[in-house]
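Asks: First the structure, then my questions, so here it is.
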Amino acid sequence: MAKSKFKLSDLNSLDFNNTGAWPREAKIGAGVLAALLIVGLGWYLVIRDKQTALEGLEAEEATLRTEFEGLAAKAANLEPLKAQLEQMEQMLRQMLRQLPSKTEMPDLIVDISQTARATGISTELFQPGPEAAKEFYAEQPINLEMSGSYHQFGRFVSGVASLPRVVIMTFHDIALSPKEARQGEPAPPPGTLGLKGTIKTYRYLDEAEIAASAAAANQTPQGGSPAQGGAP
């Protein structure tokens, strides 16, 4: 006589203390459920944490890849940038070489003074001040007190610009106003202007002067701490 098929309604009649006597279908179902339970617990206890860690590593990998690509692009442009910087430094040195040298500076100051006289400007004060060395150049201040017409001052500036040596001249604290008569002196011609202030002209430092300036800036003062920074 054929055995009857196992039905879901027969679950209540199963003896869990004697699983060996269960019908074949019940044993297979119980095995499947046990396997699913083991897989679910394994994923929950082990694989889920590993998956979270894997997702974090994947995100970190994407970030590092982006940073690497950026650094690789910078590294690829490093050599052209170095070459461009060197070219700019050479151009700067060439431009500085067009400025007067240390030996030419006294003659340049005389030329500026004579240019003012040649334009008819009256010079009451033309006093060069102490030279100040910078990183690649030195500036020479000249205190001025002059009087002349607007056109004479224009010709003075134009005459300085046309000197054989390249001359850079900047104006500082310049006051230009109508010239007033001094006590005991005749009144100046109409349209006469008085100029008072400081101009600065510049020269380049040779390699020895640059080295000496850097050494002086870095040496330790007596009774003090080492000087900070480079040349002023």
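In the structure tokens, the first chain shown is A, the next is B, and so on; residue numbers restart at 1 for each chain, and ligands run from 1 in the order shown.
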Apply DSSP to the backbone of this structure and, from range 6-228 of chain A, keep only the residues in alpha helix (DSSP H); write these as a PyMOL selection string.
Replies: chain A and resi 24-42+48-97+105-118+150-161+207-218
Asks: I'd like the contact shell of range 203-205 of chain A - 6 Å cut-off, only C-alpha atoms, skipping same-chain residues fewer than 6 positions apart - returned as a list in words.
Replies: Leu96, Leu99, Pro100, Ser101, Phe136, Tyr137 and Ala138 of chain A
Asks: Please determine, counting only C-alpha atoms, which residue among A:Glu124, A:Thr192, A:Arg117, A:Pro178 has the shortest atom-to-atom distance to Val160 in chain A.
Replies: A:Arg117
Asks: Considering only C-alpha atoms, return as number ranges by chain whatever protein or nucleic-acid residues lie within 10 Å of range 132-135 of chain A, sequence-local ones (same chain, fewer than 4 positions apart) excluded.
Replies: A: 139-141, 202-205, 209-211, 213-214, 230-232
Asks: Mind writing the picked residues with N, CA, C and O atoms as a short mmCIF file (atom, residue, chain, number, x, y, z; two decimals), in the first residue's frame?
Replies:
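result-v2.cif, freshly written:
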```cif
data_model
loop_
_atom_site.label_atom_id
_atom_site.label_comp_id
_atom_site.auth_asym_id
_atom_site.auth_seq_id
_atom_site.Cartn_x
_atom_site.Cartn_y
_atom_site.Cartn_z
N GLU A 139 67.81 100.85 -3.89
CA GLU A 139 67.12 102.09 -4.20
C GLU A 139 67.87 103.27 -3.60
O GLU A 139 68.40 103.19 -2.50
N GLN A 140 67.92 104.35 -4.37
CA GLN A 140 68.64 105.55 -3.97
C GLN A 140 67.65 106.70 -3.85
O GLN A 140 67.15 107.22 -4.84
N PRO A 141 67.32 107.12 -2.62
CA PRO A 141 66.41 108.26 -2.47
C PRO A 141 67.14 109.58 -2.67
O PRO A 141 68.32 109.72 -2.35
N TYR A 202 66.92 103.55 -9.03
CA TYR A 202 67.29 102.18 -8.66
C TYR A 202 68.47 101.69 -9.49
O TYR A 202 68.68 102.12 -10.62
N ARG A 203 69.23 100.77 -8.90
CA ARG A 203 70.31 100.10 -9.60
C ARG A 203 70.27 98.63 -9.25
O ARG A 203 69.64 98.22 -8.26
N TYR A 204 70.94 97.82 -10.05
CA TYR A 204 70.94 96.39 -9.76
C TYR A 204 72.11 96.05 -8.84
O TYR A 204 73.14 96.73 -8.81
N LEU A 205 71.95 94.98 -8.07
CA LEU A 205 73.02 94.45 -7.22
C LEU A 205 73.75 93.35 -7.98
O LEU A 205 73.10 92.48 -8.58
N GLU A 209 77.29 91.45 -4.18
CA GLU A 209 76.48 92.26 -3.27
C GLU A 209 75.27 91.48 -2.77
O GLU A 209 74.89 91.58 -1.61
N ILE A 210 74.66 90.67 -3.65
CA ILE A 210 73.51 89.86 -3.23
C ILE A 210 73.93 88.86 -2.18
O ILE A 210 73.26 88.66 -1.16
N ALA A 211 75.09 88.20 -2.39
CA ALA A 211 75.58 87.23 -1.42
C ALA A 211 75.92 87.90 -0.10
O ALA A 211 75.61 87.37 0.98
N SER A 213 74.64 90.69 1.09
CA SER A 213 73.39 91.12 1.72
C SER A 213 72.69 89.95 2.39
O SER A 213 72.17 90.07 3.50
N ALA A 214 72.67 88.77 1.72
CA ALA A 214 72.03 87.59 2.31
C ALA A 214 72.79 87.13 3.55
O ALA A 214 72.18 86.75 4.55
N GLY A 230 64.87 87.13 4.89
CA GLY A 230 65.94 87.46 3.98
C GLY A 230 66.21 88.93 3.98
O GLY A 230 65.94 89.64 4.94
N ALA A 231 66.68 89.42 2.86
CA ALA A 231 66.98 90.84 2.73
C ALA A 231 65.71 91.62 2.81
O ALA A 231 64.65 91.15 2.43
N PRO A 232 65.72 92.86 3.35
CA PRO A 232 64.49 93.64 3.47
C PRO A 232 63.92 93.96 2.12
O PRO A 232 64.61 94.02 1.15
#
```
Asks: Counting only C-alpha atoms, figure out which residue out of A:Ala35, A:Glu145, A:Val157, A:Glu207 gets nearest to Phe126 in chain A.
Replies: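 Of all the options, A:Glu145 lies closest to Phe126 in chain A.
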Asks: If we count only C-alpha atoms, what is near Gly120 in chain A at a cut-off of 12 Å, once residues fewer than 3 positions away on the same chain are taken out, given as a PyMOL selection string?
Replies: chain A and resi 113-117+123+146-156+192
Asks: Nearest to Gln98 in chain A among A:Leu195, A:Val166, A:Pro189, A:Glu25, with distances taken over only C-alpha atoms: which residue is it?
Replies: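 That would be A:Val166, the residue with the smallest distance to Gln98 in chain A.
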Asks: Rounded to one decimal in Å, what is the spacing between CA of Pro106 in chain A and CA of Thr170 in chain A?
Replies: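 Answer for the CA of Pro106 in chain A to CA of Thr170 in chain A separation: 17.7 Å.
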Asks: Between CA of Lys200 in chain A and CA of Lys179 in chain A, what is the distance, to one decimal in Å?
Replies: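 The value is 23.2 Å.
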Asks: Any idea what the distance is between CA of Arg182 in chain A and CA of Thr198 in chain A?
Replies: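 Computing it gives 21.8 Å between the two atoms.
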